[in-house]
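A.B. asks: Mind looking over this structure? Questions follow.
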Amino acid sequence: MGRATPLTGYLFVAVTVTFAATAIAAEPDTSSWVCQYCPFAAGYEADYSAGVSVVSDDAARFGDANGYDEEGAYLDLRGSGALLSGAYRARWLIEDLGLDSRHVALDGGRPGLFDWRLDYRELPQHLFDTTRTVFEQTAADGLTLPSGWVRAPTTGDFTALDASLADRNIGSKRRGLTMGGRYMLADGLRLSADYRRRERDGLRIGSGSYFTQSSLLPAPFDYATDEAELELRYAATDGDLRLSYFASFFRNGNLALRWQTPFTSAVGAETGVQAQPPENSFHQLALAGSYRFSGYDTVVAFNVAGGRMEQDDGLLPYTGNTSLSAAPLPRQRLDGRVDTTNVALTLTSRPIDKGRVSFTYRLDDRDNRTSVDAWNRIIVDTFNSGETETNVPYSFRKSRLGASGSYDLLQSVTVSGGFDRVDTDRDFQEVASQTEDSGWGMLRWQPSSFIDIRAKGGASERDINRYDEDVAAGLGQNPLLRKYNLAYRYRRFGEVSVTASLPEKPVSMSIRALYAEDEYTKSRLGLTGGDDLRVSGDLSFPLTANRYFYIHGGYEDIESDQLGSEQFGAPDWSARIADNFLTAGGGLHLRQIRDRVDVTLDYTRAVGRTEISTNAFSAGESPFPDLESTLDSLRLQLTWRKSPRLSVNAGVRYEAFTVEDWALEGVMPDTVPVLLSLGAEPYDYDVILVGVGFTWQVGGQVDASVADSSDRDD
């Protein structure tokens, strides 16, 4: 990726404009151009785009996922093309070649016989560019303190802190490679293979603690996942059958994170060690198919899969403090194993002209067969407690049975409804058995072909056989606490939507409203209730045949209530959290101004607020400062078509984003006496992105129906 100072960026813009002007002045005749390096090509077409963009300021969030994170100039290169030679065809696509978000794709083949594809993507993640740290990365998995560092019990006593702080951005890069293909072995019999590799490396915010002191760490990580899938499919007129094998392998380049403790510590506990996500694998064999009973207008589909997850990394010792004596590990490797079983069966039918029914059954079973052992407890690399704890191999079995149907009351009115029952069984958790029953109904009215009105409502009840307080107490929890995902819950919801489009005019409108409420009436401690309200709408309206504007907006309000206990007993405090978000925007699109110019203008504003209030029964209400965020985004894009083959593009993007976050604002590395932080600051930026370039089309037209390989029938 090319970056430069603003002055160099302006020079790049000048050079690009000059080059585009030269191309405009001396545009060659490419109407009969054919790829000179493709001697067998019967048809070829391509679009090439080149330009430069200049970013006004550094802003990590602005550049998240797109690569425009630093002030300066960026080279924009992209293109696409298609090639046809006899029965063979190929396509290529290049996007953002000069950015960290580049994408390259190739596909091709011979329709009806074989096809292939290749895809490569990069995606940057920029979280913070305001972070500073004293830690230096001296190894792939190690963080050390600078020479001359003086340990102390609090951050205020770190005499070498200011001189040792160095800028360290928090972010990562993702890289993904996908390749695959299909081959027709015989009529109706197809073999396909796919391979995917995902890599991600960079720095994340980790934490390392010692007693009541903690450090936020610029933790390095290096992940890679390889996935492969092989499928044999037979397709007939009334159904199909598929046999597939899937394998996944996760690799971690840093299986441990080691860091030197900046605070005063016991002898031998100057270095901390944490295990990182272990390497693991997953294998699955599946058989799936469907069959249509044409005489009964009924389709039956099924899927049966069995898999195994394994994890066999070596275990770290109890402690890195060699001055402590501890019993040997029960085993040197976890030898973790989980067997999975998945079953799905669906039947859909139209027994009468006006009615449709559907029945589904799903089973998800995870059997954790990892061995159970007793493990010694070492406390903060300083004390051997002499106590032991056992690892818990959690397992669960979830089954779902559902039925739904619809009936056309009138030509314009349809009623539908459904019922679902979910049974869940778990091991080693407070609730061993749980059942959830859900029901819903919907009324759909279509008074005309261009108006659709729907109203849907329903309720669900999640019940439990009992909450085992002994299990909770064994985990060190208040026996009155009810975890929200295990507690009794009653939920009701309603939804209304209206969509309309005027006949013979491209005017469209949609409005949608949703309300949901949760009640945890049997929970004495924990989440006791919550509700969610969402309203959204959009309108697209033409001014003329080539000019139209659009507006959109949305509002969401989420509230929840909970009860807690400071004394590890009955409730003695409560909390209420309210989140509300408002978005609004609109735009204008003008096409073919004087037959050559297109203009697009778009503006979006988003505002969010979070209110957190706690109420101690003995001390009264104590609200937290509000969390707020405001985003303004404006885009202007102009395209001038000098000819059917040459166009010049120019664009301006403005974005302002401000966050008020009391957890970050004013929290410097030494603000909290027992926390050495990274000093991340809330987002606050105004960025302008200016770009200019040109697009040049060469070659003749290739029949899209032949060149398009996206019509995959999976």
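Following the order of the structure tokens, chains are lettered A, B, ..., residues in each are numbered from 1, and ligands are numbered from 1.
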Quick one: residues within 8 Å of segment 560-562 of chain A, only C-alpha atoms counted, chain neighbours fewer than 5 positions away excluded, as a list in words?
C.D. replies: Leu525, Gly526, Leu527, Thr528, Gly529, Gly530, Asp531, Ser574, Ala575, Arg576, Ile577 and Ala578 of chain A
A.B. asks: Go ahead and save the picked residues with C-alpha atoms, as a CSV table (one decimal), in the first residue's frame.
C.D. replies:
chain,number,residue,atom,x,y,z
A,525,LEU,CA,-30.8,-12.4,41.5
A,526,GLY,CA,-29.7,-11.7,38.0
A,527,LEU,CA,-31.5,-10.4,34.9
A,528,THR,CA,-35.2,-9.9,35.8
A,529,GLY,CA,-36.6,-8.3,32.6
A,530,GLY,CA,-35.9,-6.6,29.4
A,531,ASP,CA,-37.6,-5.1,26.3
A,574,SER,CA,-30.5,-3.1,41.4
A,575,ALA,CA,-29.4,-1.8,38.0
A,576,ARG,CA,-31.1,-0.5,34.9
A,577,ILE,CA,-29.4,-0.3,31.5
A,578,ALA,CA,-31.0,1.6,28.6
A.B. asks: Quick one: residues within 9 Å of Pro625 of chain A, only C-alpha atoms, excluding same-chain residues fewer than 5 positions away - as a ChimeraX atom specification?
C.D. replies: /A:610-613,661-662
A.B. asks: Residues at most 9 Å from Ser209 of chain A, counting only C-alpha atoms, excluding those fewer than 5 positions away in the same chain, as a PDB file with C-alpha atoms, in the first residue's frame?
C.D. replies:
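Writing the result to result_0.pdb gives the following:
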ATOM      1  CA  SER A 214      -3.121  -5.801  36.603  1.00  0.00           C
ATOM      2  CA  SER A 215      -1.510  -4.770  33.319  1.00  0.00           C
ATOM      3  CA  LEU A 216      -3.131  -4.327  29.930  1.00  0.00           C
ATOM      4  CA  THR A 261       5.319  -8.208  35.773  1.00  0.00           C
ATOM      5  CA  GLY A 272       3.633 -14.398  34.160  1.00  0.00           C
ATOM      6  CA  VAL A 380      -0.952 -16.042  41.490  1.00  0.00           C
TER       7      VAL A 380
END
A.B. asks: Neighbours of Phe428 of chain A within 9 Å (only C-alpha atoms; same-chain residues fewer than 2 positions away dropped), as a PyMOL selection string?
C.D. replies: chain A and resi 392-395+426+430-432+471
A.B. asks: How far is it from atom CA of Val690 of chain A to atom CA of Asp69 of chain A, in Å with one decimal?
C.D. replies: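 Atom-to-atom, atom CA of Val690 of chain A to atom CA of Asp69 of chain A, that is 13.9 Å.
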A.B. asks: Between A:Leu678, A:Ile558, A:Ile352, A:Leu75, which has the minimum distance to Ala219 of chain A (counting only C-alpha atoms)?
C.D. replies: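 When distances to Ala219 of chain A are compared using only C-alpha atoms, the smallest one comes from A:Leu678.
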A.B. asks: Which residues are near Gly171 of chain A? Cut-off 10 Å, only C-alpha atoms, ignore same chain within fewer than 4 positions. Put them as a PyMOL selection string.
C.D. replies: chain A and resi 60+64+124-129+201-205+218+220
A.B. asks: Nearest to Asp468 of chain A: which of A:Ala105, A:Val54, A:Ala487, A:Ala269 is it, counting only C-alpha atoms?
C.D. replies: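 Smallest distance to Asp468 of chain A is found for A:Ala487.
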A.B. asks: Among segment 162-340 of chain A, which ones does DSSP place in strand (DSSP E or B), written as a VMD selection string?
C.D. replies: chain A and resid 166 to 167 170 to 186 189 to 210 213 to 235 239 to 252 256 to 260 263 271 to 275 280 to 293 298 to 311 314 333 336 to 340
